[in-house]
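Single-structure report; data block below.
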Amino acid sequence: MNRLYYGDNLTIMKSMPPDSVDLIYLDPPFNSNRSYNLLYKNTTGLPIPEQIEAFCDTWELDYEKTEQTLEIPRIMQAYGIPADTVQFWHYLVRALRTTDTKLLAYLVYMTVRLIEMYRLLKSTGSLYLHCDPTASHYLKVILDGIFRNGNFRNEVVWCYKSRPQSKRYFGKKHDIILFYSKTDEYYFDWKAVARPLSEATEKKYRLVDMDGRRYRLEGRGIKGSPIQSAKDVDPKWAETNPELVVRDYLDEKIGVALEDWWQIDVINQSAKERLGYPTQKPLALLERIVRASSRENDVVFDPFCGCGTTVEAAIKNNRQWIGCDIAIHSIRLIQDTRIKKYGLVEGSDYRIDGIPQSVEQARYLFEQDPFQFQHWAIERTGGFCSNKKTGDRGIDGKIYFEAGGALKGMVLSVKGGAVKPADIRDLRGVLERETDVELAGFISLQEPTRAMQQEADEAGFFAYQGEQYPRIQPLTIQDLFDGKRWHCPSIVKTQNKHQGQTFLAL
Ligand SMILES: C[S@@+](CC[C@H](N)C(=O)[O-])C[C@H]1O[C@@H](n2cnc3c(N)ncnc32)[C@H](O)[C@@H]1O
């Protein structure tokens, strides 16, 4: 069944069966050394100080990635990847460890995932890796090793126009899409994506037969014929020497096979398909890939699906699909826009995995990835998440509400493990420290103790328009599933800047 996964694609891919996917398109972070934010405005018009980070594209060789540099050769060997490639990996690690650890961290991250993608592909399957010249040359070498270079098919150059950014070098206006097949038996349908004949070429089909079909008259390739390979010969030849001519019918023309450079417009500020997700790719680009490299009902997989361009291309072209993203707002966005547009029903048409549906599942998510658990919990109560993994001085997230014509903040703190009165005291400290913050929410898996509740009660109330709002409000995950929410003046609904989509469910 079609699926959307919330989570790290590495874990998810490891749980998927081998030889189960026909086409993989991936548009991972490019090693651009920056963060990508979702830009939000709100219904009141008051400016929201923070923006949600969609994803971060900066790299460091942390403990996990250092471990993986050692693990990669073992996985490569287990998957039958040639010894030369394993050896090459050793050299690459040795060279980059002293020269560019950020690049090494990025390549480690990509390599473990590309090996899994290779495993998932069917023998007739293909992979398209979308990247840019920052690291495309390194990624190609790695892919050559994993896929064996005989299975390299194209380096597609996606060219687009947008404002030039630099006067110190030529404008960087193309991305690279590396196309590999798993074997030589791969599926590819050039006709499905052929470019229609140009108007000028169509005009050359000037002659019309008795059935109204347009054609050109050509010389048949007969040795010694005076019109052996001539185009558009005089129709008199058809009367005098019919054996020397042949009709080339317009309606039998499929079109022109595409080259490896594609000019497709980027999604501009006013484009209808724009969802406001940073790095969103044009649907036309994804449709081209999906139609060329998969048949109807084939399984298309995008492990970095972002706002789901591949998912929509697959739905629109009757393919099965699997999308995966580590950002909760990306999963919500796909559901609220693309999936909704095609009227698909959760449960019967597709499934969502990785988003907790019970306290037990929430606990499991916390044990697997505390940061993702925190994102999920905050998003569920309508908040923004802090960009920093460690939390921002006791603040994991924020909510804004309107009081007296100004935006006021409610800070949020999430605890998956054991809770204690000091957690509430810390929140009181935050309330005293932060200006424009009137309320604090405490979300925990565990039920707060009586001492914690007492500590919260001592923080008192925020009074607004005759209503008293507790300054510190504890909520358990069970409370969230029971539908309980923050008690505060009208929460400001945040909207996507471009389409007026409300992403954050309140
Ligand atoms: C460049 S964007 C993809 C944009 C997408 N092609 C589109 O058209 O919307 C990269 C995406 O990868 C996601 N991502 C980054 N690391 C991930 C991981 N380890 N597992 C799953 N998704 C990840 C990010 O959250 C981001 O949405």
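Within each chain, counting starts at residue 1; across the structure tokens, chains are named A, B, ... in the order shown, with ligands numbered 1 upward in that order.
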List all protein, DNA and RNA residues that have any atom at most 7 Å from ligand 1, counting only C-alpha atoms and all ligand atoms, and write the list as JSON, numbers by chain.
{"A": [7, 8, 9, 10, 26, 27, 28, 29, 54, 55, 277, 279, 280, 281, 282, 303, 304, 305, 306, 307, 308, 309, 310, 324, 325, 326, 327, 330]}
Residue contacts of stretch 457-462 of chain A (8 Å, only C-alpha atoms) excluding same-chain residues fewer than 6 positions away, as a VMD selection string: chain A and resid 428 438 to 439 468 to 472
Would you list, as a PDB file with N, CA and C atoms, in the first residue's frame, the residues of stretch 391-427 of chain A that end up in strand (DSSP E or B) under DSSP run on this structure's backbone?
```pdb
ATOM      1  N   ASP A 392      16.538  25.546  23.469  1.00  0.00           N
ATOM      2  CA  ASP A 392      17.079  26.889  23.523  1.00  0.00           C
ATOM      3  C   ASP A 392      16.866  27.426  24.930  1.00  0.00           C
ATOM      4  N   ILE A 395      13.824  26.128  26.384  1.00  0.00           N
ATOM      5  CA  ILE A 395      12.641  26.272  25.525  1.00  0.00           C
ATOM      6  C   ILE A 395      12.777  25.314  24.343  1.00  0.00           C
ATOM      7  N   GLY A 397      10.007  24.742  22.293  1.00  0.00           N
ATOM      8  CA  GLY A 397       9.111  25.225  21.259  1.00  0.00           C
ATOM      9  C   GLY A 397       8.323  26.419  21.768  1.00  0.00           C
ATOM     10  N   LYS A 398       7.530  27.013  20.879  1.00  0.00           N
ATOM     11  CA  LYS A 398       6.764  28.203  21.268  1.00  0.00           C
ATOM     12  C   LYS A 398       5.410  28.222  20.571  1.00  0.00           C
ATOM     13  N   ILE A 399       4.486  28.928  21.215  1.00  0.00           N
ATOM     14  CA  ILE A 399       3.189  29.176  20.587  1.00  0.00           C
ATOM     15  C   ILE A 399       2.947  30.664  20.747  1.00  0.00           C
ATOM     16  N   TYR A 400       2.277  31.256  19.804  1.00  0.00           N
ATOM     17  CA  TYR A 400       1.945  32.676  19.948  1.00  0.00           C
ATOM     18  C   TYR A 400       0.442  32.853  20.084  1.00  0.00           C
ATOM     19  N   PHE A 401       0.065  33.787  20.932  1.00  0.00           N
ATOM     20  CA  PHE A 401      -1.363  34.150  21.020  1.00  0.00           C
ATOM     21  C   PHE A 401      -1.460  35.661  21.048  1.00  0.00           C
ATOM     22  N   GLU A 402      -2.675  36.119  20.770  1.00  0.00           N
ATOM     23  CA  GLU A 402      -2.861  37.553  20.666  1.00  0.00           C
ATOM     24  C   GLU A 402      -3.518  38.056  21.955  1.00  0.00           C
ATOM     25  N   ALA A 403      -2.940  39.092  22.531  1.00  0.00           N
ATOM     26  CA  ALA A 403      -3.559  39.699  23.717  1.00  0.00           C
ATOM     27  C   ALA A 403      -3.321  41.196  23.648  1.00  0.00           C
ATOM     28  N   ALA A 406      -1.216  42.661  20.746  1.00  0.00           N
ATOM     29  CA  ALA A 406       0.212  42.296  20.612  1.00  0.00           C
ATOM     30  C   ALA A 406       0.350  40.770  20.597  1.00  0.00           C
ATOM     31  N   LEU A 407       1.465  40.293  20.046  1.00  0.00           N
ATOM     32  CA  LEU A 407       1.736  38.860  20.086  1.00  0.00           C
ATOM     33  C   LEU A 407       2.418  38.523  21.389  1.00  0.00           C
ATOM     34  N   LYS A 408       1.884  37.547  22.089  1.00  0.00           N
ATOM     35  CA  LYS A 408       2.492  37.090  23.335  1.00  0.00           C
ATOM     36  C   LYS A 408       2.902  35.634  23.138  1.00  0.00           C
ATOM     37  N   GLY A 409       3.909  35.245  23.888  1.00  0.00           N
ATOM     38  CA  GLY A 409       4.420  33.898  23.704  1.00  0.00           C
ATOM     39  C   GLY A 409       4.018  32.951  24.812  1.00  0.00           C
ATOM     40  N   MET A 410       3.892  31.671  24.422  1.00  0.00           N
ATOM     41  CA  MET A 410       3.781  30.593  25.395  1.00  0.00           C
ATOM     42  C   MET A 410       4.961  29.679  25.088  1.00  0.00           C
ATOM     43  N   VAL A 411       5.872  29.508  26.046  1.00  0.00           N
ATOM     44  CA  VAL A 411       7.016  28.650  25.777  1.00  0.00           C
ATOM     45  C   VAL A 411       6.640  27.211  26.086  1.00  0.00           C
ATOM     46  N   LEU A 412       7.244  26.289  25.370  1.00  0.00           N
ATOM     47  CA  LEU A 412       6.908  24.874  25.548  1.00  0.00           C
ATOM     48  C   LEU A 412       8.164  24.078  25.898  1.00  0.00           C
ATOM     49  N   SER A 413       7.989  23.157  26.807  1.00  0.00           N
ATOM     50  CA  SER A 413       9.092  22.288  27.178  1.00  0.00           C
ATOM     51  C   SER A 413       8.590  20.845  27.116  1.00  0.00           C
ATOM     52  N   VAL A 414       9.392  19.960  26.553  1.00  0.00           N
ATOM     53  CA  VAL A 414       8.958  18.568  26.376  1.00  0.00           C
ATOM     54  C   VAL A 414       9.915  17.637  27.108  1.00  0.00           C
ATOM     55  N   LYS A 415       9.349  16.699  27.853  1.00  0.00           N
ATOM     56  CA  LYS A 415      10.184  15.714  28.554  1.00  0.00           C
ATOM     57  C   LYS A 415       9.652  14.315  28.238  1.00  0.00           C
TER      58      LYS A 415
END
```
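Candidate residues A:Met16, A:Leu365, A:Ile322, A:Val311 were compared for distance to A:Tyr342, and the nearest is A:Val311, using only C-alpha atoms.
Using only C-alpha atoms, the contacts of stretch 191-193 of chain A at a cut-off of 10 Å, with sequence neighbours closer than 6 positions omitted, comprise Ile254, Gly255, Val256, Ala257, Leu258, Glu287, Arg288, Ile289, Val290, Arg291, Ala292, Ser293, Ser294 and Arg295 of chain A.
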Exercise. From a DSSP pass on the backbone, collect the residues of stretch 107-231 of chain A flagged as helix (DSSP H, G or I) and hand them back as a VMD selection string.
Key: chain A and resid 107 to 120 136 to 147 149 to 151 190 to 193 199 to 203
Go ahead and write the residues just picked, N, CA and C atoms, as a compact mmCIF listing (two decimals), in the first residue's frame.
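Contents of the output file again09.txt:
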```txt
# COMPACT_ATOMS: atom_id res chain seq x y z
N LEU A 107 29.34 12.76 3.03
CA LEU A 107 29.45 11.58 2.17
C LEU A 107 29.16 10.29 2.94
N VAL A 108 29.51 10.27 4.21
CA VAL A 108 29.19 9.10 5.03
C VAL A 108 27.67 8.95 5.11
N TYR A 109 27.04 10.09 5.42
CA TYR A 109 25.57 10.13 5.53
C TYR A 109 24.92 9.63 4.24
N MET A 110 25.44 10.08 3.09
CA MET A 110 24.85 9.69 1.81
C MET A 110 25.17 8.23 1.47
N THR A 111 26.40 7.82 1.74
CA THR A 111 26.82 6.48 1.31
C THR A 111 26.01 5.38 2.01
N VAL A 112 25.84 5.49 3.33
CA VAL A 112 25.08 4.43 4.01
C VAL A 112 23.67 4.34 3.43
N ARG A 113 23.14 5.47 3.06
CA ARG A 113 21.77 5.48 2.52
C ARG A 113 21.73 4.96 1.08
N LEU A 114 22.70 5.34 0.28
CA LEU A 114 22.71 4.89 -1.13
C LEU A 114 22.87 3.37 -1.22
N ILE A 115 23.64 2.82 -0.30
CA ILE A 115 23.81 1.36 -0.29
C ILE A 115 22.46 0.69 -0.03
N GLU A 116 21.69 1.26 0.91
CA GLU A 116 20.36 0.69 1.20
C GLU A 116 19.44 0.83 -0.01
N MET A 117 19.54 1.96 -0.70
CA MET A 117 18.67 2.18 -1.87
C MET A 117 18.97 1.16 -2.95
N TYR A 118 20.26 0.85 -3.11
CA TYR A 118 20.66 -0.15 -4.10
C TYR A 118 20.00 -1.49 -3.76
N ARG A 119 20.00 -1.81 -2.48
CA ARG A 119 19.41 -3.08 -2.03
C ARG A 119 17.90 -3.11 -2.32
N LEU A 120 17.24 -1.99 -2.17
CA LEU A 120 15.78 -1.95 -2.33
C LEU A 120 15.33 -2.05 -3.79
N SER A 136 28.38 16.83 -6.47
CA SER A 136 27.94 15.83 -7.46
C SER A 136 29.09 14.93 -7.91
N HIS A 137 30.29 15.51 -8.00
CA HIS A 137 31.42 14.70 -8.49
C HIS A 137 31.79 13.61 -7.48
N TYR A 138 31.69 13.92 -6.19
CA TYR A 138 31.97 12.90 -5.18
C TYR A 138 30.86 11.84 -5.18
N LEU A 139 29.62 12.31 -5.29
CA LEU A 139 28.50 11.37 -5.24
C LEU A 139 28.55 10.43 -6.44
N LYS A 140 29.00 10.94 -7.58
CA LYS A 140 29.05 10.10 -8.78
C LYS A 140 30.06 8.97 -8.59
N VAL A 141 31.19 9.30 -8.02
CA VAL A 141 32.21 8.28 -7.79
C VAL A 141 31.66 7.20 -6.85
N ILE A 142 30.95 7.65 -5.82
CA ILE A 142 30.39 6.68 -4.87
C ILE A 142 29.32 5.81 -5.55
N LEU A 143 28.49 6.46 -6.35
CA LEU A 143 27.45 5.70 -7.06
C LEU A 143 28.07 4.74 -8.07
N ASP A 144 29.12 5.16 -8.76
CA ASP A 144 29.80 4.27 -9.71
C ASP A 144 30.24 3.00 -8.99
N GLY A 145 30.72 3.17 -7.78
CA GLY A 145 31.18 2.01 -7.02
C GLY A 145 30.02 1.11 -6.62
N ILE A 146 28.95 1.71 -6.11
CA ILE A 146 27.83 0.90 -5.62
C ILE A 146 27.08 0.24 -6.79
N PHE A 147 26.83 1.02 -7.83
CA PHE A 147 26.01 0.52 -8.95
C PHE A 147 26.87 -0.12 -10.05
N ASN A 149 30.10 1.08 -12.59
CA ASN A 149 29.96 2.22 -13.50
C ASN A 149 29.28 1.88 -14.83
N GLY A 150 29.19 0.59 -15.20
CA GLY A 150 28.46 0.23 -16.42
C GLY A 150 26.99 0.58 -16.32
N ASN A 151 26.49 0.78 -15.12
CA ASN A 151 25.07 1.08 -14.95
C ASN A 151 24.79 2.56 -14.77
N TRP A 190 11.45 6.00 -23.47
CA TRP A 190 11.72 7.34 -23.99
C TRP A 190 10.46 7.94 -24.62
N LYS A 191 9.59 7.06 -25.13
CA LYS A 191 8.39 7.56 -25.82
C LYS A 191 7.46 8.28 -24.85
N ALA A 192 7.42 7.80 -23.62
CA ALA A 192 6.49 8.38 -22.64
C ALA A 192 6.81 9.84 -22.34
N VAL A 193 8.05 10.23 -22.64
CA VAL A 193 8.44 11.61 -22.30
C VAL A 193 8.99 12.35 -23.53
N GLU A 199 6.60 23.04 -34.32
CA GLU A 199 5.63 23.52 -35.30
C GLU A 199 6.24 23.54 -36.69
N ALA A 200 7.50 23.95 -36.77
CA ALA A 200 8.20 24.04 -38.06
C ALA A 200 8.28 22.66 -38.70
N THR A 201 8.57 21.63 -37.89
CA THR A 201 8.67 20.27 -38.44
C THR A 201 7.27 19.80 -38.87
N GLU A 202 6.28 20.08 -38.05
CA GLU A 202 4.91 19.65 -38.40
C GLU A 202 4.47 20.25 -39.72
N LYS A 203 4.87 21.49 -39.93
CA LYS A 203 4.45 22.18 -41.16
C LYS A 203 4.98 21.48 -42.41
```
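Atom CA of A:Tyr249 to atom CA of A:Pro235 spans 14.5 Å [interatomic distance, one decimal].
The space between atom CA of A:Pro278 and atom CA of A:Leu129 spans 18.0 Å.
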Please list as a PyMOL selection string every residue within 10 Å of A:Pro73, counting only C-alpha atoms and excluding residues in the same chain fewer than 3 positions away. chain A and resi 68-70+76-79+81+83+85-90+112
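Of the residues listed (A:Trp376, A:Phe371, A:Tyr180, A:Phe30), A:Trp376 shows the shortest atom-to-atom separation from A:Gly354; distances use only C-alpha atoms.
Taking atom CA of A:Lys316 and atom CA of A:Val156 as endpoints, the distance between them is 23.0 Å.
Shortest atom-to-atom contact with A:Thr124 among A:Arg206, A:Lys182, A:Arg148, A:Lys340: A:Lys182, counting only C-alpha atoms.
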